[in-house]
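entry_35.cif (mmCIF, C-alpha atoms and all ligand atoms) appears below.
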data_my_file
#
loop_
_atom_site.label_atom_id
_atom_site.label_comp_id
_atom_site.auth_asym_id
_atom_site.auth_seq_id
_atom_site.Cartn_x
_atom_site.Cartn_y
_atom_site.Cartn_z
CA MET A 1 19.46 1.21 38.39
CA GLY A 2 18.21 -1.37 40.82
CA LEU A 3 14.76 -2.04 39.41
CA THR A 4 13.36 -4.86 41.52
CA TYR A 5 10.25 -7.00 41.36
CA GLN A 6 8.86 -5.16 44.39
CA SER A 7 9.66 -1.69 43.08
CA CYS A 8 7.76 -2.35 39.88
CA GLY A 9 4.40 -2.29 41.68
CA SER A 10 1.41 -4.50 41.10
CA GLY A 11 0.83 -3.20 37.60
CA VAL A 12 3.99 -4.61 36.14
CA ASN A 13 3.48 -8.08 34.91
CA LYS A 14 5.29 -10.73 36.93
CA GLU A 15 6.48 -11.97 33.54
CA VAL A 16 9.51 -9.73 34.04
CA PHE A 17 10.61 -12.59 36.23
CA LEU A 18 8.07 -15.30 35.36
CA ASN A 19 6.65 -15.53 31.88
CA ARG A 20 2.86 -15.84 31.85
CA SER A 21 1.42 -15.78 28.40
CA SER A 22 -2.29 -15.04 28.40
CA PRO A 23 -3.86 -18.28 27.15
CA GLU A 24 -6.92 -16.55 25.67
CA ALA A 25 -4.90 -14.09 23.56
CA GLN A 26 -5.34 -14.37 19.80
CA TYR A 27 -2.25 -12.34 18.94
CA VAL A 28 1.08 -11.41 20.50
CA ILE A 29 2.35 -7.87 19.87
CA ALA A 30 5.87 -6.70 20.79
CA LEU A 31 6.81 -3.10 21.63
CA ALA A 32 10.39 -2.26 20.66
CA GLY A 33 12.31 1.00 20.31
CA ASN A 34 15.13 3.18 21.56
CA PRO A 35 15.14 4.06 25.28
CA ASN A 36 12.84 6.91 26.31
CA THR A 37 10.60 6.87 23.24
CA GLY A 38 7.40 6.19 25.20
CA LYS A 39 7.04 2.40 24.90
CA SER A 40 5.93 1.93 28.49
CA THR A 41 3.65 4.97 28.27
CA LEU A 42 2.00 3.33 25.27
CA PHE A 43 1.96 -0.05 27.05
CA ASN A 44 0.21 1.50 30.06
CA ALA A 45 -2.28 3.41 27.91
CA LEU A 46 -3.26 0.24 26.04
CA THR A 47 -3.24 -2.28 28.89
CA GLY A 48 -4.28 -0.08 31.80
CA LEU A 49 -1.25 -1.39 33.71
CA ASN A 50 1.43 0.61 35.43
CA GLN A 51 4.80 -0.18 33.93
CA HIS A 52 7.63 2.16 35.01
CA THR A 53 7.90 5.35 32.97
CA GLY A 54 10.02 8.47 33.40
CA ASN A 55 12.32 10.72 31.45
CA TRP A 56 15.48 8.75 31.98
CA PRO A 57 16.54 5.89 29.75
CA GLY A 58 16.68 2.24 30.74
CA LYS A 59 13.60 1.97 32.95
CA THR A 60 12.31 -1.22 31.40
CA VAL A 61 15.09 -3.67 32.13
CA LEU A 62 13.46 -6.92 31.16
CA ARG A 63 10.25 -7.38 29.29
CA ALA A 64 6.80 -6.92 30.81
CA GLU A 65 3.55 -8.30 29.53
CA GLY A 66 -0.07 -7.18 29.57
CA LYS A 67 -3.11 -7.49 27.38
CA TYR A 68 -5.71 -5.36 25.66
CA VAL A 69 -8.92 -6.07 23.80
CA PHE A 70 -9.58 -4.52 20.39
CA GLN A 71 -12.66 -5.21 18.30
CA GLY A 72 -13.44 -8.28 20.39
CA LEU A 73 -9.99 -9.87 20.09
CA VAL A 74 -7.46 -10.24 22.90
CA TYR A 75 -3.90 -9.07 22.24
CA ASN A 76 -0.93 -9.90 24.43
CA LEU A 77 1.37 -6.87 24.54
CA ILE A 78 5.07 -7.30 25.37
CA ASP A 79 6.95 -4.17 26.52
CA LEU A 80 10.60 -4.77 25.59
CA PRO A 81 13.53 -2.88 27.08
CA GLY A 82 14.69 0.16 25.12
CA THR A 83 17.73 -0.51 22.91
CA TYR A 84 19.75 1.44 20.37
CA SER A 85 20.64 -1.73 18.51
CA LEU A 86 19.89 -5.45 18.45
CA LEU A 87 23.49 -6.61 18.32
CA ALA A 88 23.24 -7.96 21.88
CA HIS A 89 25.98 -5.94 23.53
CA SER A 90 23.89 -5.79 26.71
CA THR A 91 21.24 -7.88 28.47
CA GLU A 92 18.54 -5.45 27.32
CA GLU A 93 19.61 -5.80 23.69
CA GLN A 94 19.68 -9.56 23.95
CA VAL A 95 16.23 -9.73 25.58
CA ALA A 96 14.73 -7.52 22.86
CA ARG A 97 16.52 -9.28 20.01
CA ASP A 98 15.71 -12.80 21.17
CA TYR A 99 12.09 -11.93 21.67
CA LEU A 100 11.75 -10.44 18.19
CA CYS A 101 13.49 -13.35 16.49
CA PHE A 102 12.59 -16.41 18.53
CA GLY A 103 9.36 -15.21 20.21
CA LYS A 104 7.84 -14.65 16.77
CA PRO A 105 5.30 -11.97 17.73
CA ASP A 106 2.38 -11.55 15.31
CA ALA A 107 3.28 -7.86 14.98
CA THR A 108 6.00 -5.58 16.32
CA ILE A 109 5.41 -1.91 17.06
CA VAL A 110 8.69 -0.01 16.81
CA VAL A 111 8.24 3.21 18.79
CA VAL A 112 10.40 6.09 17.55
CA ASP A 113 10.87 9.62 18.83
CA ALA A 114 9.49 12.17 16.37
CA THR A 115 12.01 14.77 17.63
CA CYS A 116 15.08 12.66 16.71
CA LEU A 117 13.93 10.32 13.97
CA GLU A 118 17.29 9.83 12.30
CA ARG A 119 18.90 8.24 15.35
CA ASN A 120 15.85 6.01 15.87
CA LEU A 121 15.70 4.69 12.31
CA ASN A 122 18.82 2.57 12.80
CA LEU A 123 16.88 0.29 15.12
CA VAL A 124 13.88 0.25 12.76
CA LEU A 125 16.11 -1.12 9.99
CA GLN A 126 17.53 -3.74 12.35
CA VAL A 127 14.03 -4.86 13.35
CA LEU A 128 13.01 -5.02 9.67
CA GLU A 129 15.90 -7.43 9.11
CA ILE A 130 14.29 -9.80 11.61
CA THR A 131 10.58 -9.41 10.86
CA ALA A 132 8.36 -7.87 8.19
CA ARG A 133 5.34 -7.68 10.51
CA VAL A 134 6.15 -4.18 11.71
CA VAL A 135 4.26 -0.97 12.43
CA VAL A 136 6.40 2.10 13.09
CA CYS A 137 4.86 4.34 15.73
CA VAL A 138 6.20 7.90 15.52
CA ASN A 139 5.58 9.02 19.09
CA LEU A 140 6.06 12.36 20.88
CA MET A 141 4.36 14.17 18.00
CA ASP A 142 3.26 16.85 20.49
CA GLU A 143 6.93 17.53 21.33
CA ALA A 144 7.82 17.60 17.64
CA LYS A 145 5.06 20.15 17.00
CA ARG A 146 6.31 22.28 19.87
CA LYS A 147 9.79 22.25 18.30
CA ASN A 148 8.41 22.97 14.81
CA ILE A 149 9.54 19.59 13.53
CA GLU A 150 7.36 18.14 10.80
CA VAL A 151 7.36 14.42 10.07
CA ASP A 152 6.24 13.26 6.64
CA ILE A 153 4.46 10.08 7.74
CA TYR A 154 3.50 9.02 4.19
CA SER A 155 7.01 9.33 2.75
CA LEU A 156 8.47 7.54 5.76
CA SER A 157 6.04 4.69 5.27
CA ALA A 158 6.84 4.51 1.55
CA GLU A 159 10.60 4.47 2.25
CA LEU A 160 10.39 1.83 4.99
CA GLY A 161 7.78 -0.33 3.27
CA VAL A 162 5.72 -0.75 6.45
CA PRO A 163 2.83 1.26 7.96
CA VAL A 164 3.75 4.33 9.99
CA VAL A 165 1.38 5.86 12.55
CA ALA A 166 1.81 9.21 14.35
CA THR A 167 1.01 9.27 18.08
CA ALA A 168 1.30 11.30 21.26
CA ALA A 169 0.93 8.37 23.66
CA ARG A 170 0.80 10.50 26.79
CA ASP A 171 -2.36 12.22 25.49
CA GLY A 172 -3.81 9.14 23.78
CA MET A 173 -3.51 10.77 20.34
CA GLY A 174 -3.34 8.32 17.40
CA LEU A 175 -3.83 5.18 19.48
CA GLU A 176 -7.03 4.10 17.70
CA THR A 177 -5.29 4.24 14.31
CA LEU A 178 -2.31 2.42 15.78
CA LEU A 179 -4.51 -0.41 17.07
CA GLN A 180 -6.34 -0.68 13.75
CA THR A 181 -3.05 -0.93 11.89
CA VAL A 182 -1.54 -3.44 14.31
CA ALA A 183 -4.67 -5.59 14.01
CA ARG A 184 -4.38 -5.64 10.22
CA ILE A 185 -0.69 -6.57 10.36
CA ALA A 186 -1.36 -9.31 12.93
CA ASP A 187 -4.21 -10.87 10.94
CA GLY A 188 -2.25 -10.64 7.70
CA THR A 189 -4.60 -8.17 5.96
CA ILE A 190 -1.72 -5.74 5.47
CA LYS A 191 1.27 -7.22 3.65
CA THR A 192 4.45 -5.20 4.03
CA THR A 193 7.45 -4.77 1.73
CA PRO A 194 10.16 -3.86 4.24
CA CYS A 195 13.23 -1.94 3.23
CA ILE A 196 16.11 -4.41 3.62
CA VAL A 197 19.74 -3.39 3.92
CA ASN A 198 21.93 -4.78 1.16
CA TYR A 199 25.49 -5.56 2.21
CA ASP A 200 28.74 -5.74 0.22
CA GLU A 201 28.79 -8.39 -2.46
CA VAL A 202 31.06 -10.72 -0.53
CA ILE A 203 28.70 -10.69 2.46
CA GLU A 204 25.65 -11.20 0.26
CA GLN A 205 27.41 -14.20 -1.34
CA CYS A 206 28.10 -15.70 2.10
CA ILE A 207 24.44 -15.19 3.08
CA THR A 208 23.32 -16.97 -0.09
CA LYS A 209 25.64 -19.88 0.72
CA LEU A 210 24.55 -20.16 4.35
CA GLU A 211 20.79 -19.70 4.01
CA PRO A 212 19.89 -23.14 2.56
CA THR A 213 21.69 -24.94 5.42
CA ILE A 214 20.01 -22.72 8.01
CA LYS A 215 16.61 -23.34 6.42
CA GLU A 216 17.29 -27.08 6.53
CA LEU A 217 17.94 -26.78 10.24
CA VAL A 218 15.20 -24.38 11.34
CA GLY A 219 12.71 -24.54 8.46
CA GLU A 220 10.70 -21.39 7.79
CA GLN A 221 10.07 -20.63 11.46
CA PHE A 222 12.95 -18.17 11.88
CA ASN A 223 14.46 -15.58 9.57
CA SER A 224 17.31 -17.40 7.83
CA ARG A 225 18.87 -14.26 6.30
CA TRP A 226 19.14 -12.61 9.71
CA LEU A 227 20.50 -15.81 11.27
CA ALA A 228 23.09 -16.04 8.47
CA LEU A 229 24.21 -12.48 9.23
CA ARG A 230 24.57 -13.27 12.93
CA LEU A 231 26.54 -16.43 12.16
CA LEU A 232 28.86 -14.40 9.95
CA ASP A 233 29.29 -12.11 12.97
CA ARG A 234 30.17 -15.24 15.00
CA ASP A 235 27.50 -14.13 17.46
CA GLN A 236 27.60 -16.87 20.10
CA THR A 237 24.59 -15.41 21.96
CA VAL A 238 22.33 -16.04 18.94
CA ILE A 239 23.67 -19.56 18.56
CA ASN A 240 22.94 -20.25 22.25
CA SER A 241 19.39 -18.84 22.01
CA LEU A 242 18.72 -20.80 18.84
CA LYS A 243 19.97 -24.03 20.44
CA LYS A 244 17.65 -23.48 23.42
CA CYS A 245 14.75 -22.74 21.14
CA LEU A 246 15.29 -25.77 18.93
CA ALA A 247 15.77 -28.03 21.94
CA LYS A 248 12.43 -26.93 23.37
CA GLY A 249 10.72 -26.89 19.99
CA THR A 250 8.65 -23.83 20.84
CA ARG A 251 8.60 -20.05 20.96
CA VAL A 252 11.29 -18.48 23.03
CA GLY A 253 9.48 -16.56 25.71
CA ALA A 254 7.05 -19.38 26.29
CA MET A 255 7.05 -21.03 29.66
CA VAL A 256 8.11 -24.63 29.22
CA GLY A 257 8.14 -27.01 32.15
CA GLY A 258 8.58 -24.14 34.57
CA GLU A 259 11.56 -22.76 32.68
CA ILE A 260 11.64 -19.43 30.87
CA LEU A 261 13.38 -19.69 27.55
CA VAL A 262 14.94 -16.25 27.59
N1 LIG B 301 5.43 14.90 25.49
C1 LIG B 301 5.30 13.58 25.45
N2 LIG B 301 5.95 12.83 26.34
C2 LIG B 301 5.81 11.50 26.28
C3 LIG B 301 5.02 10.86 25.30
N3 LIG B 301 5.11 9.52 25.46
C4 LIG B 301 5.92 9.34 26.52
N4 LIG B 301 6.34 10.52 27.02
C5 LIG B 301 7.25 10.76 28.15
O1 LIG B 301 8.54 10.28 27.76
C6 LIG B 301 9.23 9.75 28.89
C7 LIG B 301 9.70 8.33 28.59
O2 LIG B 301 8.58 7.49 28.45
P1 LIG B 301 8.64 5.92 28.76
O3 LIG B 301 7.28 5.39 28.43
O4 LIG B 301 9.17 5.62 30.10
O5 LIG B 301 9.72 5.48 27.67
P2 LIG B 301 10.28 4.01 27.35
O6 LIG B 301 10.43 3.95 25.87
O7 LIG B 301 9.43 2.95 27.97
O8 LIG B 301 11.70 4.06 28.03
P3 LIG B 301 12.68 2.81 28.42
O9 LIG B 301 11.89 1.84 29.26
O10 LIG B 301 13.78 3.47 29.17
O11 LIG B 301 13.13 2.22 27.15
C8 LIG B 301 8.23 9.83 30.06
O12 LIG B 301 8.52 11.00 30.81
C9 LIG B 301 6.88 9.94 29.39
O13 LIG B 301 5.90 10.64 30.17
C10 LIG B 301 4.33 11.69 24.34
O14 LIG B 301 3.66 11.24 23.42
N5 LIG B 301 4.53 13.04 24.47
MG MG B 302 9.92 1.44 29.34
#
How would this structure read if it were set down as structure tokens?
Amino acid sequence: MGLTYQSCGSGVNKEVFLNRSSPEAQYVIALAGNPNTGKSTLFNALTGLNQHTGNWPGKTVLRAEGKYVFQGLVYNLIDLPGTYSLLAHSTEEQVARDYLCFGKPDATIVVVDATCLERNLNLVLQVLEITARVVVCVNLMDEAKRKNIEVDIYSLSAELGVPVVATAARDGMGLETLLQTVARIADGTIKTTPCIVNYDEVIEQCITKLEPTIKELVGEQFNSRWLALRLLDRDQTVINSLKKCLAKGTRVGAMVGGEILV
């Protein structure tokens, strides 16, 4: 839709085109979710920046970065493009997926739409396959209320094995609780037990065979189960990103020698 550096305005971080990690930040937090769930609205509310928002999908094309301070600590917040999956069928999906896997954020907020939870939970499960450091943010609670939709936050949290927080980002509702929860995930106070998809026996056997070799190659820094699944998919884009990451020996998303890794 022709989103350009100029059209993004001064609020959007230049990181969309040039990655600039805030050196004083203690933690890096990623914002993921389906298109149109309010990620950029949340990003703007927390950072005071002006990332593109609107009620059409696909506004955030590449990732943007800002920061916020909570209880004296600085958090770098990364607004990822909206995606329905992380299987890298599009640039947006690849940007989001690579950031979650190779950028190794300290916590990931998955923003879901309270009015169509079922569709959104597919992505939540995919994110949980990559990282356990997740907070699910059930946004648009005001819309859900208007439509008489009730969301059982406690049961959802119990089923997913990660904290779930209800918000209406446009009105600032629930943001304090969200920040508290994200802080506790980032500093390791909250340990999650994410719901992991179990595949057919033959696939699980292949994962078991592949994982030790992957761990030998990448150590504990990346999720070997998820990498095994992608290798079984023969996903060349993951292999390419992993090669880049290992060659640079650092987080994807970091600026190395003037080059952006994703
Ligand atoms: N009613 C209501 N509307 C919201 C809320 N949060 C966001 N919106 C609206 O939802 C629309 C989409 O919000 P965005 O923040 O652009 O969504 P996004 O997830 O960044 O979308 P993509 O960048 O396309 O992935 C905008 O019109 C927002 O004003 C909320 O809590 N309640
Ligand atoms: Mg957006």
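Proximity to ligand LIG 301 (chain B) was assessed for A:Asp171, A:Glu220, A:Asp187, A:Glu65 counting only C-alpha atoms and all ligand atoms; the smallest distance is recorded for A:Asp171.
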Neighbours of ligand LIG 301 (chain B) within 8 Å, counting all atoms listed in the file, as a PyMOL selection string?
chain A and resi 33-43+52-61+79-83+111+139-143+167-173
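Atom to atom, atom CA of A:Val218 and atom CA of A:Tyr99 stand 16.5 Å apart.
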Please determine, counting all atoms listed in the file, which residue among A:Val197, A:Ala25, A:Leu31, A:Leu175 has the shortest atom-to-atom distance to ligand MG 302 (chain B).
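Selected residue with least distance to ligand MG 302 (chain B): A:Leu31.
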Between A:Ser155, A:Asn76, A:Thr192, A:Ser90, which is the closest to A:Arg133 once you count only C-alpha atoms?
A:Thr192
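Nearest residue to A:Asn198, choosing from A:Ala158, A:Leu123, A:Leu229, A:Leu73 and counting only C-alpha atoms: A:Leu229.
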Excluding A:Ala107 and its own-chain neighbours fewer than 2 positions away, which residues fall within 10 Å of it when counting only C-alpha atoms? Please give them as a PDB file with C-alpha atoms, in the coordinates of the input.
ATOM      1  CA  TYR A  27      -2.250 -12.340  18.940  1.00  0.00           C
ATOM      2  CA  VAL A  28       1.080 -11.410  20.500  1.00  0.00           C
ATOM      3  CA  ILE A  29       2.350  -7.870  19.870  1.00  0.00           C
ATOM      4  CA  ALA A  30       5.870  -6.700  20.790  1.00  0.00           C
ATOM      5  CA  LEU A  31       6.810  -3.100  21.630  1.00  0.00           C
ATOM      6  CA  LEU A  77       1.370  -6.870  24.540  1.00  0.00           C
ATOM      7  CA  LEU A 100      11.750 -10.440  18.190  1.00  0.00           C
ATOM      8  CA  LYS A 104       7.840 -14.650  16.770  1.00  0.00           C
ATOM      9  CA  PRO A 105       5.300 -11.970  17.730  1.00  0.00           C
ATOM     10  CA  ILE A 109       5.410  -1.910  17.060  1.00  0.00           C
ATOM     11  CA  VAL A 110       8.690  -0.010  16.810  1.00  0.00           C
ATOM     12  CA  THR A 131      10.580  -9.410  10.860  1.00  0.00           C
ATOM     13  CA  ALA A 132       8.360  -7.870   8.190  1.00  0.00           C
ATOM     14  CA  ARG A 133       5.340  -7.680  10.510  1.00  0.00           C
ATOM     15  CA  VAL A 134       6.150  -4.180  11.710  1.00  0.00           C
ATOM     16  CA  VAL A 135       4.260  -0.970  12.430  1.00  0.00           C
ATOM     17  CA  THR A 181      -3.050  -0.930  11.890  1.00  0.00           C
ATOM     18  CA  VAL A 182      -1.540  -3.440  14.310  1.00  0.00           C
ATOM     19  CA  ALA A 183      -4.670  -5.590  14.010  1.00  0.00           C
ATOM     20  CA  ARG A 184      -4.380  -5.640  10.220  1.00  0.00           C
ATOM     21  CA  ILE A 185      -0.690  -6.570  10.360  1.00  0.00           C
ATOM     22  CA  ALA A 186      -1.360  -9.310  12.930  1.00  0.00           C
ATOM     23  CA  ASP A 187      -4.210 -10.870  10.940  1.00  0.00           C
ATOM     24  CA  GLY A 188      -2.250 -10.640   7.700  1.00  0.00           C
TER      25      GLY A 188
END
